[in-house]
Structures are given as structure tokens and as C-alpha cells.
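For reference, the structure discussed in these notes is given below.
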Amino acid sequence: MPKLERILCVEDDPDIQAVIRLALERVGGFIVKLCMSGREALDSVAGFRPDLILLDVMMPGMDGPGTLLALRRLPEAATLPVLFMTAKVQHDEVAHFLSLGALAVIAKPFDPMTLAQEIRAHWAEKHGG
Amino acid sequence: MAADFPQARQILDNLRQGFIAQIPLRLAAIEQCWIDCYMASDPSPALHELIRLAHSLRGSAKTYGLLELGDAAGALEIGLRPWLASESVPEPAARSELDGLVAALHSTSRGIPGSFPQAALPPSKMETQTTLLVYLLEDDPAQAALLVSQMAHFGYRVVAFASASALLAEVERARPAACILDIILADDALAGIEMGNQLHQHYTTLPLIFASVRDDIEARLGAVRAKGRAYLTKPLDVIALVEALDRVTGRMANAPYRILVVEDDKSLARYYRVLLQDAGMESMALTDPLHVLQTLADFNPDLVLLDLYMPQCAGAELAQVIRQHGSHAGLPIVFLSAEDDPDLQYAALRNGGVDFLTKPVDAKALIRTIMVRAEHARQMSELMVRDGMTGLLNHSRIKEMLLAEVARARRSNAVLSVAMLDLDHCRTINEHYGHLTGDRVIKSLARLLCERLRGSDLAGRYSGEEFLLLLPACDRASALRLIDDIRERFSTINHCGEAPDQIFNASFSAGLAVFPLDNSPETLLLAADSALYEAKQQGRNRTR
């Protein structure tokens with residue numbers, strides 16, 4: 001199973017950014033790049049070369065689904081696994097996000113102590129580990 | 001990097017505290033937006049902003065486990081959305097409902113402990129000067145009593161025991177910070193050493209200091225083998241004992257390193273600050289780099305963490321501005337950047353940086369680099385600013401600090417007291433008891449000053465026997481009380497000359513000046529000096 005090391009996160013709220021950073025860098029041991037917007041994510045993905053992208057759904061400007069579509073048009077990100085983060089986790093909503101091409105949906109608010117674990121589990125599942 | 005759970009929880013807690021402290025600000029912003037929605041001719045921008053604020057507050061509050069607050073914010077957000085869709089201002093009924101939702105937001109926030117306006121991160125624990133308990137094994141009651149009274153001035157509460165068994169029993173009951181053991185007890189020439197061995201066996205971390213008239217190799221070896229951390233000969237020099245105790249108890253430990261974080265990304269800045277706090281370092285974030293000079297003067301950091309690419313100015317340029325000042329010559333600057341081109345990194349270092357960390361930065365690497373650099377810088381700057389003999393600030397440094405403190409007092413409209421102290425009859429002491437003894441008297445005054453002054457006070461050795469004290473936020477009455485207290489204590493300290501029967505007391509005279517009554521560094525010094533002269537004229541051992 002390939003190693004999961006580098007994660008690109010897109011989250012516009014500075015408070016949540018701080019907690020994500022804690023959850024992924026400190027607890028998870030990943031190398032993390034935080035972007036404040038979909039636009040920034042598109043600009044950063046080639047340089048940062050992430051293994052996985054964590055995408056907030058509700059953002060001003062380009063929202064999560066919009067960012068995902070734009071990412072898929074970039075050669076570096078066409079097949080990168082993407083996880084959505086959202087407070088909307090009803091069955092039909094989750095199904096909708098998955099239909100857009102996301103690997104999984106992570107519920108907000110998340111537990112910073114277990115977020116890294118949750119992400120690794122999705123990664124392992126994807127790679128049949 | 002292995003998962004670091006307990007530390008991560010602590011960091012999360014700190015982030016949470018930071019969020020809670022900001023709640024009043026966020027609520028004030030929501031309140032203002034709410035008013036704007038009704039006051040503005042076009043409510044649409046305020047409405048969008050209000051919904052965004054409510055949405056963001058909901059998300060963050062829930063992330064930090066403040067569910068009630070999160071729900072209240074969520075309710076407000078949901079309540080506002082129909083307004084967004086429609087073209088008209090809400091009916092009075094709907095409007096009062098929304099009023100109610102904003103009020104609910106305020107009342108849920110009041111129920112959260114810690115949510116009152118204060119600095120964004122909780123302040124780190126200040127070194128509080130507590131009195132340390134020390135046990136003394138000494139069978140001569142006169143000597144014991146003398147030591148007990150002398151050591152009290154320096155923050156050590158000494159309890160004397162005449163017998164080894166009594167001491168051992170008490171150590172069991174209440175562990176002291178250290179033990180001072182006389183070697184000769186009654187007829188037993190090595191009783192103290194045996195006691196030391198016993199103590200060390202049961203309490204391996206308890207520091208032992210041996211004191212004796214014996215100065216022979218047998219006694220000294222015995223002390224070493226009993227793991228004694230110091231050996232002092234009698235008659236005991238109080239200052240030497242105090243210094244030994246300071247050392248073995250780690251009492252005068254270093255103040256935490258202060259790190260200035262210059263980073264325009266607020267969330268990153270907050271994250272670094274939390275990591276630094278976790279590692280026991282104090283920090284301050286500067287998101288507008290153009291304020292750096294004032295901040296350096298106010299905060300006086302041990303190290304600057306500088307982002308290379310900032311919108312207002314390049315980190316490298318800022319570093320050069322800092323280097324233009326001779327007073328910041330030793331201040332280490334560590335650059336932070338996503339830049340991984342080694343040539344550009346090298347160019348940045350040539351501009352005044354001492355190290356380079358590539359973003360995204362590993363938490364451990366960040367802390368380690370900063371710790372090491374700050375430690376080196378501290379050691380270097382201590383050498384440059386401290387007087388070798390007393391450990392107080394040297395003449396040039398205390399004068400620099402006088403300028404800085406006056407400027408600070410002026411800016412914050414605060415009061416600053418300045419005191420000039422001068423040892424009485426210093427020449428007589430040197431002539432009568434010798435210069436070595438004279439030096440010891442000066443050292444004891446310096447040590448007493450360290451003991452009795454507050455954390456924010458500054459003490460410098462102005463000249464051979466003159467000291468300059470800076471007491472911020474201290475009015476004349478309080479300064480008088482403080483200095484007189486020190487003066488009285490100092491006058492009761494017994495100093496020992498070269499010969500065993502030479503025991504004497506010393507005193508000092510002091511002159512006070514207060515800012516803003518005297519409103520410049522020069523006039524303050526002059527006024528303190530005149531007051532000191534008056535004190536001497538009126539009989540010495542007093543404060544004017």
C-alpha cells in the first residue's frame with residue numbers, strides 16, 4: 001500500500017485551520033499544506049504534490065464541490081483522492097458528495113484526536129489494505 | 001513522527017482557550033453587523049457578513065466542543081437565511097425573533113468559563129519566588145540560630161536539627177529542598193558523612209551540602225562519596241551558602257525564552273505560539289511587520305521567527321532593518337519560508353538570518369532550532385549585559401534600560417520609580433576587612449536585591465558600590481516601602497571578615513526619583529543622585 005504522507009487542506013476559517021493543523025501535523029504526523037480558498041489550492045497542488053486532499057464544502061467564493069471539479073481538470077490532481085468536510089451528513093447529502101467523485105465525507109465538527117486515524121482508514125480502504 | 005497525544009491535547013486546550021478569549025470580540029462584531037443591517041440603506045452586504053460570522057462562529061464553537069454556543073449561532077444563521085432570499089426587511093415579529101437569537105448568543109457565551117476579554121493566549125506561569133525549606137544538621141545551637149536568621153533574607157527557611165536521627169525522621173515527614181550537613185557531630189568526626197550516605201540512599205534526588213571546620217582530604221572525599229553537591233568550610237560565608245543552595249535547588253532558573261513571531265498568516269502565527277508555549281517558551285505574534293521596531297523594544301525577545309514572504313515587506317528587508325540597530329546585534333533571526341531553493345535560502349541568511357526553516361515546518365524541528373538558538377543568544381547577551389561579579393546588569397545596560405523604561409512609562413502613561421543605592425562606609429570596610437570581604441558584602445546586597453525585587457524590576461551595578469534600580473508601575477510610596485524593607489533586611493545580615501572573630505553589619509543609603517515628576521532619564525538620575533546625597537548627609541542607612 002503506498003504511503004500517505006502529504007495532505008493538502010482547504011479550509012477558510014482560521015480557527016478550524018489551527019485545529020486541523022494540530023490534528024494532522026501533531027497527532028497524525030503528516031506533512032500539511034493549508035489553503036484558505038479553492039483558488040489557493042489550485043495554485044498550490046502542483047508545487048506541493050499531495051497524496052490526498054481534504055476539502056471544506058462551505059467556503060466563500062469557490063466552494064468545495066466547485067474546487068473538486070476544477071482540481072480534476074489539473075493533470076496533477078485528476079486522480080488524487082479527495083475527502084470532503086461538512087456539517088451536512090444526511091444519507092442523501094453524503095451520496096451526493098460521493099457522486100461528485102469524493103473518496104469519503106468527514107463530518108464536522110471532527111474530533112482532532114481521531115481525524116488522522118479516520119483519514120488513514122479511508123486511505124487503507126481505497127488501496128485495499 | 002509518533003502520535004503525541006497528551007501534548008496534543010494540551011495544545012488543543014490552549015487553542016480552545018484562545019478561541020474562548022476571542023468570543024467577546026466575535027459577538028461584538030455580530031452585534032455591530034446586526035445594527036448595520038437595519039441602519040444601512042442597503043442591508044445586503046451587512047446581511048451577508050452577518051450570516052458569514054454566524055456560520056463561522058457555529059463551526060468553530062462546535063469544533064471546540066462549545067455545543068450550546070454553536071447551536072445558538074447556527075439558529076441565528078438559519079433564522080437569517082429567509083431574509084437573504086426575500087427582498088424586503090423582516091416583519092416586526094420575525095425581527096424580534098432574530099433579536100432573541102442574538103441575545104441567546106450572548107447568554108450562552110456568558111456561561112463559558114474564561115470567556116472574558118484578555119490576551120489571546122493564557123499567560124505562562126510566572127516564576128513565583130517562594131521560600132524553600134532547608135534542613136540543617138548542626139549541633140551548635142548558636143551557629144544554628146545565626147544561620148536560620150541569616151538565610152531567611154534570601155528565601156530559604158532553615159530548620160535546624162541537633163541530631164541525625166531527628167533530621168532523618170523529619171525528612172521522612174516533610175521533604176526539604178536541600179540539606180546542609182555539619183560533618184563533626186559530638187565526638188563523631190564523620191557523623192555528617194554517614195548521615196549523608198543514609199540520606200542519599202533513601203532520597204537520591206535530595207541535594208546535600210556539607211559544611212565543616214574540617215578541610216582535609218578525608219572529609220572532602222567522604223563528602224564526594226556521599227554525593228554531596230557542595231562543600232563549604234566554616235565559619236560559613238552566608239553568601240557562599242546561598243549561592244550553593246541556589247545552584248543545587250535550581251532556584252534562580254532561567255526565565256522562559258521569549259520568541260517574537262513575525263508572520264502575516266494569523267492561523268499559522270497562532271499555531272506557532274501554541275507550539276512554543278507547549279515547549280515552555282513565551283511568545284508574541286506580530287502580523288503587521290511594520291511595527292517591528294516598537295515591538296522589539298517592548299517585548300525584548302531572545303529570538304525572532306520571521307516569515308520570508310509577507311505582503312507588507314519582505315522578511316529579508318525587515319531583517320536588515322533590525323540589523324541596522326547595534327543594540328540588536330546579537331538577536332538571532334530564524335527565517336521561515338516555503339522557499340526550498342538553496343541559493344535563495346543562502347541569500348536570505350546573508351541578510352541577517354542565523355537559520356532557515358522550510359515550510360511546512362516540522363513541529364519538533366521548529367522547537368529544537370529555536371531552543372538551541374535562543375539559548376546561545378541568551379548566554380552571549382548575558383555575557384554582554386551582566387556585571388561579572390554580582391550577576392546584575394552592567395552600567396551601560398542599566399542605563400539603556402532606563403531609557404527604555406522611561407519611554408515605555410511615557411507611552412503607557414504609567415509611573416516609574418528610580419532608586420540609586422550606595423553602600424555605606426565602603427572604603428572603611430575594604431580597609432578594615434580587606435577587599436575580598438568588601439566584594440562579598442557587595443555580592444550579598446546584589447543577591448538580596450534579586451530576592452526581594454519584583455519580576456518586572458531591573459537592578460544594575462552602576463559603579464563599584466552603587467546600584468541603580470528601575471521599578472516600573474511603582475509609585476513613590478510603594479518604592480519607599482520596598483527599598484526600606486530591603487535596607488532593613490540588609491542591615492541585619494552578618495558579614496564575615498577574613499578572621500573568624502570578624503563579624504560585622506553593613507548598610508546602604510538610597511535616593512528615589514519618580515517619573516513623571518522628573519520626566520526624562522537625565523533628570524531622573526540627577527534627582528535620585530541628589531536624594532542619595534541627602535540620605536548620606538543626614539546620617540546614612542536611610543532612603544530619601
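Each chain in the C-alpha cells gets a letter, A, B, ..., in the order shown, and its residues are numbered from 1; ligands are numbered from 1 in order too.
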Enumerate as an MDAnalysis selection string all residues of region 22-102 of chain A assigned to helix (DSSP H, G or I) by DSSP on the backbone, naming them with the chain letters and numbers the document uses.
-> chainID A and resid 22:27 38:48 64:72 91:99
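Look at Gly38 (chain A): the protein and nucleic acid residues within 6 Å of it, using only C-alpha atoms and passing over chain neighbours fewer than 2 places away, are Glu40, Ala41, Met62 and Thr67 of chain A.
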What does the file look like for those residues with C-alpha atoms, as a PDB file, in the first residue's frame?
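Wrote result.pdb, looks like this:
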ATOM      1  CA  GLU A  40      -5.142  28.879  -3.498  1.00  0.00           C
ATOM      2  CA  ALA A  41      -5.493  25.102  -3.579  1.00  0.00           C
ATOM      3  CA  MET A  62     -15.297  28.680  -4.949  1.00  0.00           C
ATOM      4  CA  THR A  67     -12.955  23.225  -6.217  1.00  0.00           C
TER       5      THR A  67
END
Check every residue of chain A for an atom within 10 Å of chain B, counting only C-alpha atoms, and provide those that qualify as a PyMOL selection string.
-> chain A and resi 12-34+48+58-60+86-87+108-113+116
Residues just named, written with C-alpha atoms as an mmCIF file, in the first residue's frame:
data_model
loop_
_atom_site.group_PDB
_atom_site.id
_atom_site.type_symbol
_atom_site.label_atom_id
_atom_site.label_comp_id
_atom_site.auth_asym_id
_atom_site.auth_seq_id
_atom_site.Cartn_x
_atom_site.Cartn_y
_atom_site.Cartn_z
ATOM 1 C CA ASP A 12 -11.226 29.164 5.094
ATOM 2 C CA ASP A 13 -11.876 29.502 8.832
ATOM 3 C CA PRO A 14 -8.680 30.318 10.765
ATOM 4 C CA ASP A 15 -9.870 28.663 13.995
ATOM 5 C CA ILE A 16 -10.624 25.414 12.248
ATOM 6 C CA GLN A 17 -7.358 25.680 10.334
ATOM 7 C CA ALA A 18 -5.462 25.713 13.626
ATOM 8 C CA VAL A 19 -7.243 22.606 14.836
ATOM 9 C CA ILE A 20 -6.765 20.780 11.521
ATOM 10 C CA ARG A 21 -3.088 21.566 11.621
ATOM 11 C CA LEU A 22 -2.863 20.185 15.147
ATOM 12 C CA ALA A 23 -4.838 17.093 14.215
ATOM 13 C CA LEU A 24 -2.837 16.283 11.098
ATOM 14 C CA GLU A 25 0.682 17.522 11.870
ATOM 15 C CA ARG A 26 0.985 16.938 15.601
ATOM 16 C CA VAL A 27 -1.273 13.960 16.087
ATOM 17 C CA GLY A 28 -1.109 12.422 12.621
ATOM 18 C CA GLY A 29 2.491 13.185 11.720
ATOM 19 C CA PHE A 30 1.594 14.248 8.186
ATOM 20 C CA ILE A 31 3.198 16.991 6.137
ATOM 21 C CA VAL A 32 0.412 19.512 5.725
ATOM 22 C CA LYS A 33 -0.301 22.478 3.489
ATOM 23 C CA LEU A 34 -3.267 24.623 4.460
ATOM 24 C CA PHE A 48 3.107 20.672 -3.004
ATOM 25 C CA MET A 58 -18.860 25.545 2.542
ATOM 26 C CA MET A 59 -16.437 28.257 1.525
ATOM 27 C CA PRO A 60 -16.966 31.756 0.162
ATOM 28 C CA THR A 86 -19.054 19.165 6.052
ATOM 29 C CA ALA A 87 -21.702 19.529 8.701
ATOM 30 C CA LYS A 108 -17.856 18.422 11.071
ATOM 31 C CA PRO A 109 -17.235 19.064 13.854
ATOM 32 C CA PHE A 110 -14.496 16.437 13.823
ATOM 33 C CA ASP A 111 -12.523 15.100 16.761
ATOM 34 C CA PRO A 112 -8.961 16.390 16.365
ATOM 35 C CA MET A 113 -7.604 13.385 18.226
ATOM 36 C CA ALA A 116 -5.794 11.431 11.315
#
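Of the listed residues (B:Asp355, B:Glu138, B:Asp99, B:Glu68), B:Asp99 comes nearest to Ile30 (chain B); the distances count only C-alpha atoms.
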Can you check which residues of region 9-250 of chain B DSSP gives as strand (DSSP E) on the backbone and send them as a PyMOL selection string?
-> chain B and resi 132-137+156-161+178-182+208-212+230-233
What does the file look like for those residues with N, CA and C atoms, as a tab-separated table (two decimals), in the first residue's frame?
chain	number	residue	atom	x	y	z
B	132	LEU	N	12.07	28.39	50.13
B	132	LEU	CA	12.40	26.98	50.09
B	132	LEU	C	12.80	26.48	51.49
B	133	LEU	N	12.38	25.26	51.75
B	133	LEU	CA	12.68	24.64	53.05
B	133	LEU	C	14.01	23.93	52.99
B	134	VAL	N	14.87	24.21	53.96
B	134	VAL	CA	16.18	23.56	54.01
B	134	VAL	C	16.43	23.03	55.42
B	135	TYR	N	16.91	21.79	55.49
B	135	TYR	CA	17.21	21.23	56.81
B	135	TYR	C	18.69	21.33	57.10
B	136	LEU	N	19.01	21.68	58.35
B	136	LEU	CA	20.39	21.86	58.76
B	136	LEU	C	20.72	20.91	59.90
B	137	LEU	N	21.80	20.16	59.71
B	137	LEU	CA	22.26	19.29	60.79
B	137	LEU	C	23.43	20.01	61.45
B	156	TYR	N	15.28	31.31	52.03
B	156	TYR	CA	15.44	29.93	52.50
B	156	TYR	C	15.00	29.84	53.96
B	157	ARG	N	14.05	28.96	54.21
B	157	ARG	CA	13.61	28.75	55.59
B	157	ARG	C	14.39	27.55	56.12
B	158	VAL	N	15.30	27.86	57.03
B	158	VAL	CA	16.17	26.80	57.56
B	158	VAL	C	15.62	26.27	58.86
B	159	VAL	N	15.52	24.94	58.94
B	159	VAL	CA	15.12	24.29	60.19
B	159	VAL	C	16.32	23.49	60.68
B	160	ALA	N	16.73	23.74	61.93
B	160	ALA	CA	17.95	23.10	62.44
B	160	ALA	C	17.63	21.86	63.26
B	161	PHE	N	18.49	20.85	63.13
B	161	PHE	CA	18.36	19.61	63.91
B	161	PHE	C	19.69	19.34	64.59
B	178	ALA	N	16.69	20.94	50.22
B	178	ALA	CA	18.11	20.56	50.33
B	178	ALA	C	18.46	20.35	51.80
B	179	CYS	N	19.58	19.67	52.04
B	179	CYS	CA	20.05	19.51	53.42
B	179	CYS	C	21.46	20.03	53.54
B	180	ILE	N	21.72	20.76	54.65
B	180	ILE	CA	23.09	21.20	54.95
B	180	ILE	C	23.56	20.35	56.12
B	181	LEU	N	24.65	19.63	55.92
B	181	LEU	CA	25.11	18.71	56.97
B	181	LEU	C	26.46	19.12	57.52
B	182	ASP	N	26.49	19.33	58.83
B	182	ASP	CA	27.75	19.55	59.51
B	182	ASP	C	28.43	18.18	59.59
B	208	LEU	N	22.54	17.52	48.80
B	208	LEU	CA	23.22	17.62	50.09
B	208	LEU	C	24.38	18.59	50.00
B	209	ILE	N	24.49	19.43	51.01
B	209	ILE	CA	25.64	20.35	51.09
B	209	ILE	C	26.34	20.08	52.41
B	210	PHE	N	27.64	19.87	52.36
B	210	PHE	CA	28.41	19.62	53.58
B	210	PHE	C	29.10	20.89	54.04
B	211	ALA	N	29.10	21.10	55.37
B	211	ALA	CA	29.74	22.28	55.94
B	211	ALA	C	30.57	21.84	57.13
B	212	SER	N	31.81	22.28	57.21
B	212	SER	CA	32.63	21.80	58.32
B	212	SER	C	33.86	22.66	58.56
B	230	ALA	N	28.03	20.17	47.31
B	230	ALA	CA	28.91	21.31	47.60
B	230	ALA	C	29.58	21.06	48.94
B	231	TYR	N	30.73	21.70	49.13
B	231	TYR	CA	31.47	21.56	50.38
B	231	TYR	C	31.91	22.95	50.81
B	232	LEU	N	31.45	23.38	51.98
B	232	LEU	CA	31.81	24.71	52.45
B	232	LEU	C	32.52	24.62	53.79
B	233	THR	N	33.53	25.47	53.95
B	233	THR	CA	34.24	25.42	55.22
B	233	THR	C	33.67	26.45	56.19
Write out as a PDB file with all heavy atoms, in the first residue's frame the residues lying within 12 Å of Asp92 (chain A), counting only C-alpha atoms and excluding same-chain residues fewer than 6 positions away.
ATOM      1  N   LEU A  98     -20.310  11.905  -2.713  1.00  0.00           N
ATOM      2  CA  LEU A  98     -19.563  10.783  -3.262  1.00  0.00           C
ATOM      3  C   LEU A  98     -19.743  10.733  -4.776  1.00  0.00           C
ATOM      4  O   LEU A  98     -18.800  10.418  -5.514  1.00  0.00           O
ATOM      5  CB  LEU A  98     -20.025   9.471  -2.623  1.00  0.00           C
ATOM      6  CG  LEU A  98     -19.708   9.330  -1.127  1.00  0.00           C
ATOM      7  CD1 LEU A  98     -20.241   8.011  -0.582  1.00  0.00           C
ATOM      8  CD2 LEU A  98     -18.203   9.401  -0.891  1.00  0.00           C
ATOM      9  N   SER A  99     -20.963  11.075  -5.225  1.00  0.00           N
ATOM     10  CA  SER A  99     -21.212  11.018  -6.664  1.00  0.00           C
ATOM     11  C   SER A  99     -20.363  12.035  -7.410  1.00  0.00           C
ATOM     12  O   SER A  99     -20.082  11.868  -8.598  1.00  0.00           O
ATOM     13  CB  SER A  99     -22.695  11.270  -6.964  1.00  0.00           C
ATOM     14  OG  SER A  99     -22.987  12.641  -6.785  1.00  0.00           O
ATOM     15  N   VAL A 105     -16.636  11.292   3.030  1.00  0.00           N
ATOM     16  CA  VAL A 105     -17.084  12.536   3.649  1.00  0.00           C
ATOM     17  C   VAL A 105     -16.741  12.488   5.135  1.00  0.00           C
ATOM     18  O   VAL A 105     -17.039  11.499   5.811  1.00  0.00           O
ATOM     19  CB  VAL A 105     -18.609  12.716   3.464  1.00  0.00           C
ATOM     20  CG1 VAL A 105     -19.092  13.911   4.260  1.00  0.00           C
ATOM     21  CG2 VAL A 105     -18.940  12.897   1.992  1.00  0.00           C
TER      22      VAL A 105
END
Show which residues sit within 6 Å of Pro50 (chain A), as JSON, numbers by chain. Count only C-alpha atoms, and ignore same-chain residues fewer than 6 positions away.
-> {"A": [6, 7, 8]}
